[in-house]
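Structure data (compact mmCIF, C-alpha atoms) from final.txt:
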```
# COMPACT_ATOMS: atom_id res chain seq x y z
CA MET A 329 0.00 0.00 0.00
CA SER A 330 1.45 3.37 -0.96
CA ASN A 331 2.29 6.08 1.55
CA LEU A 332 -0.58 8.30 0.28
CA SER A 333 -3.04 5.39 0.53
CA ASN A 334 -1.93 4.82 4.14
CA PHE A 335 -2.41 8.53 4.78
CA MET A 336 -5.92 8.40 3.27
CA HIS A 337 -6.94 5.26 5.14
CA HIS A 338 -5.54 6.56 8.43
CA HIS A 339 -7.44 9.88 8.22
CA PHE A 340 -10.75 8.70 6.77
CA ASP A 341 -11.00 5.06 7.91
CA LYS A 342 -12.12 4.02 4.45
CA PRO A 343 -10.32 2.95 1.29
CA ALA A 344 -9.13 5.52 -1.22
CA ASP A 345 -11.60 4.37 -3.89
CA GLU A 346 -14.52 5.36 -1.61
CA LEU A 347 -13.31 8.95 -1.27
CA GLY A 348 -14.67 11.76 -3.44
CA ASP A 349 -12.57 13.85 -5.79
CA ILE A 350 -12.41 16.77 -3.36
CA GLU A 351 -11.23 14.54 -0.50
CA LYS A 352 -8.58 12.92 -2.71
CA ARG A 353 -7.32 16.29 -3.92
CA VAL A 354 -7.20 17.71 -0.38
CA LEU A 355 -5.45 14.62 0.97
CA ALA A 356 -2.86 14.74 -1.80
CA LYS A 357 -2.20 18.43 -1.05
CA ALA A 358 -2.04 17.77 2.71
CA HIS A 359 0.30 14.81 2.18
CA ALA A 360 2.54 16.94 -0.06
CA ARG A 361 2.37 19.80 2.50
CA LYS A 362 1.06 22.23 -0.14
CA VAL A 363 -1.21 25.22 0.41
CA ILE A 364 -4.81 24.71 -0.70
CA SER A 365 -6.37 28.10 0.01
CA THR A 366 -6.80 30.47 -2.92
CA ASP A 367 -8.24 33.90 -3.58
CA VAL A 368 -11.84 32.91 -4.34
CA ASN A 369 -12.63 36.21 -6.08
CA ALA A 370 -9.68 35.92 -8.44
CA ALA A 371 -10.28 32.22 -9.12
CA PHE A 372 -13.96 32.74 -9.87
CA SER A 373 -13.46 35.91 -11.93
CA ALA A 374 -10.78 34.25 -14.05
CA ASP A 375 -13.40 31.95 -15.59
CA ALA A 376 -15.94 34.71 -16.30
CA SER A 377 -16.92 35.27 -19.91
CA PHE A 378 -17.24 38.72 -21.44
CA GLY A 379 -21.05 38.59 -21.18
CA GLU A 380 -20.90 37.54 -17.52
CA ARG A 381 -18.57 40.42 -16.68
CA ILE A 382 -20.92 42.87 -18.45
CA ALA A 383 -23.96 41.43 -16.63
CA ASP A 384 -22.15 41.80 -13.30
CA SER A 385 -21.22 45.41 -14.12
CA ILE A 386 -24.77 46.31 -15.17
CA ALA A 387 -26.20 44.69 -12.02
CA ARG A 388 -23.62 46.48 -9.88
CA ILE A 389 -24.51 49.84 -11.45
CA GLY A 390 -28.27 49.20 -11.60
CA GLY A 391 -28.33 48.23 -7.95
CA SER A 392 -26.53 51.31 -6.65
CA TRP A 393 -27.81 54.48 -5.05
CA SER A 394 -25.98 56.47 -7.71
CA PHE A 395 -28.12 54.86 -10.41
CA ILE A 396 -31.34 55.33 -8.43
CA ILE A 397 -30.61 59.02 -7.77
CA ALA A 398 -29.49 59.65 -11.36
CA PHE A 399 -32.59 57.91 -12.72
CA PHE A 400 -34.83 59.89 -10.37
CA VAL A 401 -33.19 63.12 -11.60
CA PHE A 402 -33.75 61.96 -15.21
CA LEU A 403 -37.46 61.28 -14.52
CA VAL A 404 -37.94 64.65 -12.82
CA ALA A 405 -36.14 66.44 -15.67
CA TRP A 406 -38.25 64.56 -18.25
CA THR A 407 -41.52 65.55 -16.58
CA VAL A 408 -40.46 69.16 -15.96
CA ILE A 409 -39.31 69.60 -19.57
CA ASN A 410 -42.50 68.08 -20.97
CA THR A 411 -44.94 69.88 -18.64
CA ILE A 412 -43.49 73.24 -17.62
CA ILE A 413 -40.72 74.24 -20.04
CA LEU A 414 -42.29 72.96 -23.27
CA VAL A 415 -45.88 73.88 -22.50
CA SER A 416 -46.65 73.92 -26.19
CA GLY A 417 -44.85 71.49 -28.48
CA ALA A 418 -43.68 68.99 -25.83
CA PHE A 419 -42.08 65.94 -27.45
CA ASP A 420 -43.79 63.64 -24.88
CA PRO A 421 -46.82 65.38 -23.39
CA TYR A 422 -48.68 64.09 -20.36
CA PRO A 423 -49.39 61.06 -19.79
CA PHE A 424 -45.79 60.48 -21.03
CA VAL A 425 -46.42 57.54 -23.35
CA PHE A 426 -42.91 57.66 -24.80
CA LEU A 427 -41.39 57.69 -21.27
CA ASN A 428 -43.51 54.65 -20.38
CA LEU A 429 -42.22 52.88 -23.49
CA ILE A 430 -38.61 53.69 -22.56
CA LEU A 431 -39.15 52.51 -18.97
CA SER A 432 -40.78 49.27 -20.15
CA MET A 433 -37.92 48.53 -22.53
CA LEU A 434 -35.38 49.32 -19.83
CA ALA A 435 -37.12 46.97 -17.38
CA ALA A 436 -37.42 44.25 -20.04
CA ILE A 437 -33.67 44.39 -20.67
CA GLN A 438 -32.46 45.08 -17.14
CA ALA A 439 -34.44 42.31 -15.37
CA PRO A 440 -32.88 39.33 -17.22
CA ILE A 441 -29.42 40.88 -16.90
CA ILE A 442 -29.87 41.23 -13.14
CA MET A 443 -31.17 37.64 -12.97
CA MET A 444 -28.08 36.44 -14.85
CA SER A 445 -25.91 38.27 -12.33
CA GLN A 446 -27.87 36.75 -9.43
CA ASN A 447 -27.44 33.28 -10.93
CA ARG A 448 -23.74 33.98 -11.24
CA GLN A 449 -23.65 35.15 -7.61
CA ALA A 450 -25.33 31.90 -6.54
CA GLU A 451 -22.74 29.97 -8.56
CA ARG A 452 -19.99 32.02 -6.90
CA ASP A 453 -21.45 31.20 -3.47
CA ARG A 454 -21.39 27.47 -4.31
CA PHE A 455 -17.80 27.81 -5.54
CA GLU A 456 -16.82 29.63 -2.37
CA ALA A 457 -18.55 27.01 -0.20
CA ALA A 458 -16.61 24.25 -1.99
CA LYS A 459 -13.34 26.12 -1.43
CA ASP A 460 -14.24 26.66 2.24
CA TYR A 461 -14.92 22.93 2.57
CA GLU A 462 -11.53 22.10 1.06
CA VAL A 463 -9.70 24.48 3.38
CA ASN A 464 -11.63 23.26 6.43
CA LEU A 465 -10.97 19.64 5.50
CA LYS A 466 -7.26 20.29 5.08
CA ALA A 467 -7.15 22.17 8.39
CA GLU A 468 -8.86 19.24 10.09
CA LEU A 469 -6.38 16.82 8.53
CA GLU A 470 -3.47 18.97 9.68
CA VAL A 471 -4.86 19.07 13.22
CA LEU A 472 -5.24 15.27 13.16
CA SER A 473 -1.68 14.90 11.88
CA LEU A 474 -0.36 17.21 14.59
CA HIS A 475 -2.36 15.29 17.18
CA GLN A 476 -0.83 12.04 15.92
CA LYS A 477 2.69 13.51 16.03
CA ILE A 478 2.17 14.76 19.57
CA ASP A 479 0.78 11.36 20.62
CA MET A 480 3.78 9.60 19.08
CA HIS A 481 6.15 12.03 20.80
CA VAL A 482 4.41 11.47 24.15
CA LEU A 483 4.55 7.68 23.67
CA THR A 484 8.25 7.88 22.83
CA GLU A 485 8.86 9.98 25.95
CA LEU A 486 6.86 7.53 28.08
CA THR A 487 8.79 4.59 26.67
CA GLY A 488 12.06 6.38 27.47
CA LEU A 489 10.86 7.19 30.98
CA ARG A 490 9.83 3.57 31.55
CA GLU A 491 13.24 2.42 30.40
CA ASP A 492 14.88 4.95 32.74
CA VAL A 493 12.70 3.81 35.65
CA ALA A 494 13.48 0.16 34.88
CA ARG A 495 17.21 0.94 34.66
CA LEU A 496 17.15 2.94 37.90
CA THR A 497 15.14 0.19 39.62
CA ALA A 498 17.69 -2.37 38.45
CA GLU A 499 20.58 -0.20 39.69
CA LEU A 500 18.89 0.25 43.08
CA SER A 501 18.23 -3.47 43.32
CA ALA A 502 21.85 -4.18 42.44
CA ARG A 503 23.11 -1.81 45.18
CA SER A 504 20.91 -3.33 47.87
```

If you convert what's in this file into structure tokens, what do you get?
Amino acid sequence: MSNLSNFMHHHFDKPADELGDIEKRVLAKAHARKVISTDVNAAFSADASFGERIADSIARIGGSWSFIIAFFVFLVAWTVINTIILVSGAFDPYPFVFLNLILSMLAAIQAPIIMMSQNRQAERDRFEAAKDYEVNLKAELEVLSLHQKIDMHVLTELTGLREDVARLTAELSARS
């Protein structure tokens, strides 16, 4: 049985072929004493397509107070221009049919983009949870390994002490 297989069996009490891919990868990294933690944001963003990055940007802008305030100012300006300033000859007189059309088109485009970004956020959360699991598993394995090393060290010390006690007992018996 290989050293890694012994390591796997010792830490999980089951054969290597019953372990999942994540467990095998984490055990291999722990056995090789390699770091497993990564920057989740960088790792997740590296795989983002151009469309996903645009959807995230639009959702980030569309969900900000800056956008809400700017859009409110736009709506107020639209209504003031079409009711007070251009009393005669307004390009979109009350009840603002053209504005309603623009708002409907904006909502029809913005809603699916925001949903795409939310789906991506949910995917990111799953990715982050998987990474957290890997790091937690490796930390647990390291704690178990340290515990085993300490136990072995204590047993070695106890064996040495027993030998010393036996030797001293023999010397005392020989002197008496």

Query raised in the report: Quick one, how far is CA of Gly391 (chain A) from CA of Asp367 (chain A)?
Result: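 A separation of 25.1 Å between them.
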
Query raised in the report: What lies within 7 Å of region 377-384 of chain A using only C-alpha atoms, ignoring chain neighbours under 4 positions off, as a PyMOL selection string?
Result: chain A and resi 388+441-442+444-445

Query raised in the report: At what distance in Å, to one decimal, does CA of Ala436 (chain A) lie from CA of Trp393 (chain A)?
Result: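 CA of Ala436 (chain A) lies 20.5 Å from CA of Trp393 (chain A).
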
Requested in this report: Can you work out the spacing between CA of Arg452 (chain A) and CA of Phe372 (chain A) in Å, to one decimal?
Outcome: 6.8 Å

Query raised in the report: Looking at A:Lys459, A:Leu434, A:Ala439, A:Pro421, which one is nearest to Phe399 (chain A), with distances taken over only C-alpha atoms?
Result: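 Among A:Lys459, A:Leu434, A:Ala439, A:Pro421, it is A:Leu434 that comes nearest to Phe399 (chain A).
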
Query raised in the report: Hey, what's within 8 Å of Ile364 (chain A) if we count only C-alpha atoms and toss same-chain stuff fewer than 3 positions away? As an MDAnalysis selection string, please?
Result: chainID A and resid 354 357 462:463 466

Take every atom of region 399-418 of chain A listed in the file, fit an axis-aligned box around them, add 3 Å per side, and give the centre and edge lengths in Å to one decimal as lines of an AutoDock Vina configuration file.
```
center_x = -39.6
center_y = 66.1
center_z = -19.4
size_x = 20.1
size_y = 22.3
size_z = 24.1
```

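In terms of minimum interatomic distance to Gln449 (chain A), A:Ala376 ranks closest within A:Ser394, A:Ser365, A:Leu500, A:Ala376, counting all atoms listed in the file.
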
Query raised in the report: Using all atoms listed in the file, which of A:Glu456, A:Lys352, A:Gly488, A:Leu427 sits nearest Ala371 (chain A)?
Result: A:Glu456

Residues near Tyr422 (chain A), cut-off 9 Å, all atoms listed in the file, skip fewer than 5 positions along chain, as a CSV table (one decimal) with C-alpha atoms, keeping the file's coordinate frame:
```csv
chain,number,residue,atom,x,y,z
A,407,THR,CA,-41.5,65.6,-16.6
A,410,ASN,CA,-42.5,68.1,-21.0
A,411,THR,CA,-44.9,69.9,-18.6
```

Query raised in the report: With all atoms listed in the file as the basis for distance, which of A:Ile412, A:Ala398, A:Ala387, A:Ala358 is at the shortest distance from Asn464 (chain A)?
Result: A:Ala358

N, CA, C and O atoms are what I want for region 375-393 of chain A; can you complete it accordingly and write them as a compact mmCIF listing (two decimals), in the frame of the given file?
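Once written, out05.txt looks like this:
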```txt
# COMPACT_ATOMS: atom_id res chain seq x y z
N ASP A 375 -12.61 32.77 -14.67
CA ASP A 375 -13.40 31.95 -15.59
C ASP A 375 -14.59 32.68 -16.18
O ASP A 375 -15.36 32.10 -16.94
N ALA A 376 -14.78 33.96 -15.84
CA ALA A 376 -15.94 34.71 -16.30
C ALA A 376 -15.81 35.06 -17.78
O ALA A 376 -14.76 35.48 -18.25
N SER A 377 -16.91 34.88 -18.50
CA SER A 377 -16.92 35.27 -19.91
C SER A 377 -17.16 36.78 -20.01
O SER A 377 -17.49 37.44 -19.03
N PHE A 378 -17.02 37.29 -21.22
CA PHE A 378 -17.24 38.72 -21.44
C PHE A 378 -18.67 39.12 -21.07
O PHE A 378 -18.90 40.12 -20.40
N GLY A 379 -19.65 38.31 -21.49
CA GLY A 379 -21.05 38.59 -21.18
C GLY A 379 -21.33 38.56 -19.68
O GLY A 379 -22.12 39.37 -19.17
N GLU A 380 -20.70 37.62 -18.97
CA GLU A 380 -20.90 37.54 -17.52
C GLU A 380 -20.32 38.76 -16.82
O GLU A 380 -20.92 39.29 -15.88
N ARG A 381 -19.16 39.22 -17.28
CA ARG A 381 -18.57 40.42 -16.68
C ARG A 381 -19.44 41.65 -16.94
O ARG A 381 -19.61 42.49 -16.06
N ILE A 382 -20.03 41.74 -18.15
CA ILE A 382 -20.92 42.87 -18.45
C ILE A 382 -22.18 42.79 -17.59
O ILE A 382 -22.63 43.80 -17.04
N ALA A 383 -22.76 41.60 -17.46
CA ALA A 383 -23.96 41.43 -16.63
C ALA A 383 -23.67 41.82 -15.19
O ALA A 383 -24.49 42.50 -14.55
N ASP A 384 -22.52 41.43 -14.67
CA ASP A 384 -22.15 41.80 -13.30
C ASP A 384 -22.00 43.32 -13.16
O ASP A 384 -22.44 43.91 -12.18
N SER A 385 -21.39 43.95 -14.16
CA SER A 385 -21.22 45.41 -14.12
C SER A 385 -22.56 46.13 -14.17
O SER A 385 -22.78 47.09 -13.42
N ILE A 386 -23.45 45.68 -15.06
CA ILE A 386 -24.77 46.31 -15.17
C ILE A 386 -25.55 46.14 -13.87
O ILE A 386 -26.19 47.07 -13.38
N ALA A 387 -25.50 44.94 -13.29
CA ALA A 387 -26.20 44.69 -12.02
C ALA A 387 -25.60 45.54 -10.91
O ALA A 387 -26.33 46.05 -10.05
N ARG A 388 -24.28 45.67 -10.90
CA ARG A 388 -23.62 46.48 -9.88
C ARG A 388 -24.03 47.95 -10.00
O ARG A 388 -24.32 48.61 -9.01
N ILE A 389 -24.11 48.45 -11.23
CA ILE A 389 -24.51 49.84 -11.45
C ILE A 389 -26.00 50.01 -11.19
O ILE A 389 -26.42 50.94 -10.51
N GLY A 390 -26.81 49.10 -11.75
CA GLY A 390 -28.27 49.20 -11.60
C GLY A 390 -28.76 49.03 -10.17
O GLY A 390 -29.85 49.45 -9.83
N GLY A 391 -27.95 48.43 -9.33
CA GLY A 391 -28.33 48.23 -7.95
C GLY A 391 -27.66 49.19 -6.99
O GLY A 391 -27.56 48.92 -5.81
N SER A 392 -27.23 50.33 -7.51
CA SER A 392 -26.53 51.31 -6.65
C SER A 392 -27.40 52.54 -6.41
O SER A 392 -28.31 52.85 -7.18
N TRP A 393 -27.10 53.23 -5.34
CA TRP A 393 -27.81 54.48 -5.05
C TRP A 393 -27.51 55.53 -6.10
O TRP A 393 -28.37 56.36 -6.41
```
